[in-house]
Amino acid sequence: MLSSRCLPRATVRAPQAPRISRHFITRPSDQSRARAIPHPYAQRRQQRFVRSLVAVTALWGTATAWQWYNGERFLREVHAEEPPQEQPELNFEKPRRKPTSADENRTIISSQHLQVQKSWENPGVYAWGSNAGRVVAPDSNESFIKTPRRIRFFDAKPLRDIKLDKAFGAAIDERGDLLQWGTAFSKETTQPTPTLRGKNLTSLSISRDRIIALSKSGDVYSMPVSQQEQKTGPKPASTSWIPFWGSSNDISYRLRTPQNLGWSERVTQVSSGLEHALMLTSTGRVFSFASGTQDYPRKGQLGIPGLTWESRPAGAFDIPHEITTLKGFPIKHVATGDFHSLVSDAAGRAFGFGDNSSGQLGFDFNAEATFIDAPSLLPTQNLYAGTAQQASVTNVFAGGNTSFLAIEATKPVAGARDSTRVQADVWGFGFGLTGQLGNGRWTHNQASPTKLPAFSGLYEYDEPSSTVIPIRLAYMSIGAAHAAAVMDNVASVAVPASARRAASKLTPNDTNWGRDILFWGNNEFYQLGTGKRANAPTPTYIQPLDQAAETEREKHLSLFGEKREREMHRFQITPRNKVKVGGRTVEMEQRVECGRGCTAVFSAV
């Protein structure tokens with residue numbers, strides 16, 4: 001008999017049924033069937049389920065006990081074999097090596113300090129671009145020099161000036177002597193060679209086939225580029241203080257100093273295009289003359305109305321002519337492109353004359369008159385119409401078929417408490433198909449001046465004066481199709497260790513700062529120095545000239561525990577300062593020169 005504990009929950013215990021015979025089974029009624037005892041087959045199924053449940057429970061308990069027993073024994077055995085663990089030793093960061101000098105500390109702080117320091121310690125010339133005439137690398141047969149490379153001949157030799165063409169180069173050394181090199185000068189010469197000596201030259205300008213040099217006394221010399229012509233051409237007789245004593249120069253040249261200069265008046269600036277040159281005197285007068293022998297200027301770039309080869313006065317074809325139209329306007333700056341000219345006066349006005357086929361004079365193109373042969377006033381005030389600002393041209397720059405104006409715009413002071421804010425801007429116009437206008441566009445002809453955002457409306461805080469000052473343009477160098485600009489930003493130039501002047505006023509954190517320099521324009525010959533050949537319509541920075549020094553600096557930083565990503569530094573040009581060169585004190589700076597398809601940066605005195 002099954003216990004009531006095994007019955008289903010809904011089943012109620014029924015009263016005991018009467019004894020029946022084992023041979024007969026009576027069928028209960030439907031009402032009593034629900035209260036009947038389960039069938040024997042159901043009882044057997046329930047019994048099997050109970051036995052299975054008991055067996056599974058017993059096996060689970062046995063397995064658990066076996067696992068517990070063996071796991072404990074295994075752990076006891078393992079821990080018995082392993083030695084006791086010791087506390088790990090803490091590794092502290094090693095102390096960084098401290099700089100041994102103030103200059104070493106400055107090198108760690110600033111890459112600009114390193115660039116300035118290297119330019120003082122290793123003056124010389126870096127050049128890059130077209131090397132077809134063996135100009136930027138006289139000792140190499142490479143067609144292009146893609147990144148700045150030193151011309152070893154000029155190592156430790158400061159220069160007064162340098163000019164580069166794809167076929168020839170010219171420079172003035174520290175003594176004032178002229179040096180020339182390149183295939184147009186001589187195919188046999190592989191390094192710069194002295195030519196015109198003893199004239200105390202200060203600056204240079206080059207045309208298509210001649211060199212125009214200015215001496216410290218104001219004399220202007222015009223000489224051929226070719227060494228052969230210099231040897232075989234007519235040579236003027238030299239005068240001497242000894243009566244009836246004269247000697248002949250060994251270099252053919254022409255003296256082109258104006259004859260009708262006033263007392264103490266002398267030539268202070270010379271600029272040359274492909275066929276013409278302008279001379280500016282100390283009194284603000286301007287003279288022009290033909291600077292080439294291949295073609296006579298015929299596009300009005302001399303500034304003399306009606307002057308042609310047929311109407312020129314008697315005498316040599318390259319005698320100077322005063323531009324009388326500019327009388328009464330004291331000129332301060334002159335600039336020349338290939339076939340056009342720009343000048344600016346002390347009152348802030350600008351004049352242009354010559355070729356205007358690309359709008360390089362700032363006037364609309366006229367198919368019936370592609371050039372203007374008389375100085376014409378540029379309407380610069382219209383550039384600031386509606387701003388209540390007064391525009392004043394501070395400098396002019398030209399090269400190839402492009403022109404640039406540096407303008408300072410000021411607002412009239414309304415009251416005594418108002419401060420005059422000066423806005424320094426740069427405007428460009430002319431041919432810009434390869435990006436040489438620097439305005440971010442590829443413009444074929446740009447007759448209306450456009451502002452260059454990279455050099456306009458910039459300001460910085462000047463700590464000595466505790467005021468905000470405009471960042472002006474220091475100067476531009478315009479090549480045939482590319483250009484470079486140097487900004488006149490505040491440069492905190494610390495005294496180098498070799499000079500020791502005012503060293504007590506400096507702290508180890510005072511570093512040297514260069515000036516910003518940017519390049520743009522045509523890059524067909526890698527003349528931008530970026531290492532790539534793509535033209536750049538927007539002014540851009542390039543890497544430092546001395547990459548070996550920058551790599552050494554990165555290694556130097558690792559010695560001090562400086563863990564940083566490789567920094568990308570830009571080239572900063574060194575401003576003028578007194579330094580020690582070869583045991584003597586020299587006032588020196590770095591300058592940039594954009595030529596025809598090539599570029600140079602040199603140490604200038």
# chains A, B, ... in the order shown; residues from 1 in each chain; ligands from 1
$ residues_around --residues "A:Asn445" --least-positions-apart "2" --cutoff "10 Å" --atoms "only C-alpha atoms" --output "PyMOL selection string"
chain A and resi 356-360+364-365+401-402+429-433+442-443+447-448
$ closest_residue --among "A:Val579, A:Ala409, A:Ala290, A:Val490" --to "A:Glu463" --atoms "only C-alpha atoms"
A:Val490
$ residues_around --residues "stretch 321-329 of chain A" --least-positions-apart "4" --cutoff "12 Å" --atoms "only C-alpha atoms" --output "PyMOL selection string"
chain A and resi 256-261+276-281+283-290+300-305+307+312-313+316-317+333+341-353+373-377
$ closest_residue --among "A:Ser217, A:Thr62, A:Ser111, A:Ser207" --to "A:Gly514" --atoms "only C-alpha atoms"
A:Ser111
$ residues_around --residues "A:Gln436" --least-positions-apart "2" --cutoff "6 Å" --atoms "only C-alpha atoms" --output "PyMOL selection string"
chain A and resi 432+434+438+481-482+521
$ atom_distance --atom1 "atom CA of A:Glu265" --atom2 "atom CA of A:Ile331"
13.9 Å
$ select_by_dssp --residues "stretch 206-267 of chain A" --states "strand (DSSP E)" --output "ChimeraX atom specification"
/A:206,210-215,220-224,237-238,247-248,254-255,267
$ residues_around --residues "stretch 170-176 of chain A" --least-positions-apart "2" --cutoff "7 Å" --atoms "only C-alpha atoms" --output "NGL selection string"
:A and (158-164 or 168 or 178-181 or 199-202)
$ write_last_selection --atoms "N, CA and C atoms" --output "mmCIF file, in the first residue's frame"
data_model
loop_
_atom_site.group_PDB
_atom_site.id
_atom_site.type_symbol
_atom_site.label_atom_id
_atom_site.label_comp_id
_atom_site.auth_asym_id
_atom_site.auth_seq_id
_atom_site.Cartn_x
_atom_site.Cartn_y
_atom_site.Cartn_z
ATOM 1 N N PRO A 158 81.122 85.085 -44.407
ATOM 2 C CA PRO A 158 79.967 85.969 -44.562
ATOM 3 C C PRO A 158 80.061 86.750 -45.867
ATOM 4 N N LEU A 159 78.912 87.081 -46.448
ATOM 5 C CA LEU A 159 78.850 87.798 -47.713
ATOM 6 C C LEU A 159 78.083 89.102 -47.536
ATOM 7 N N ARG A 160 78.317 90.014 -48.467
ATOM 8 C CA ARG A 160 77.534 91.244 -48.494
ATOM 9 C C ARG A 160 76.265 91.095 -49.314
ATOM 10 N N ASP A 161 76.315 90.289 -50.366
ATOM 11 C CA ASP A 161 75.136 90.090 -51.215
ATOM 12 C C ASP A 161 75.367 88.878 -52.095
ATOM 13 N N ILE A 162 74.273 88.333 -52.624
ATOM 14 C CA ILE A 162 74.345 87.209 -53.549
ATOM 15 C C ILE A 162 73.143 87.256 -54.474
ATOM 16 N N LYS A 163 73.324 86.886 -55.728
ATOM 17 C CA LYS A 163 72.240 86.796 -56.712
ATOM 18 C C LYS A 163 72.444 85.521 -57.522
ATOM 19 N N LEU A 164 71.333 84.828 -57.835
ATOM 20 C CA LEU A 164 71.405 83.547 -58.515
ATOM 21 C C LEU A 164 70.511 83.515 -59.743
ATOM 22 N N PHE A 168 74.068 81.113 -63.895
ATOM 23 C CA PHE A 168 75.224 81.772 -63.292
ATOM 24 C C PHE A 168 74.854 82.317 -61.923
ATOM 25 N N LEU A 178 83.955 90.945 -56.079
ATOM 26 C CA LEU A 178 82.933 90.185 -56.788
ATOM 27 C C LEU A 178 83.413 88.769 -57.064
ATOM 28 N N LEU A 179 82.549 87.791 -56.808
ATOM 29 C CA LEU A 179 82.807 86.384 -57.108
ATOM 30 C C LEU A 179 81.759 85.905 -58.091
ATOM 31 N N GLN A 180 82.166 85.077 -59.076
ATOM 32 C CA GLN A 180 81.244 84.544 -60.077
ATOM 33 C C GLN A 180 81.490 83.061 -60.294
ATOM 34 N N TRP A 181 80.416 82.351 -60.674
ATOM 35 C CA TRP A 181 80.510 80.936 -60.995
ATOM 36 C C TRP A 181 79.306 80.542 -61.836
ATOM 37 N N LYS A 199 86.878 97.346 -55.538
ATOM 38 C CA LYS A 199 85.866 98.388 -55.736
ATOM 39 C C LYS A 199 84.977 98.596 -54.508
ATOM 40 N N ASN A 200 85.157 97.801 -53.480
ATOM 41 C CA ASN A 200 84.370 97.913 -52.252
ATOM 42 C C ASN A 200 82.873 97.872 -52.568
ATOM 43 N N LEU A 201 82.452 96.801 -53.236
ATOM 44 C CA LEU A 201 81.059 96.641 -53.641
ATOM 45 C C LEU A 201 80.190 96.294 -52.438
ATOM 46 N N THR A 202 78.931 96.729 -52.479
ATOM 47 C CA THR A 202 78.009 96.478 -51.374
ATOM 48 C C THR A 202 76.760 95.693 -51.773
#
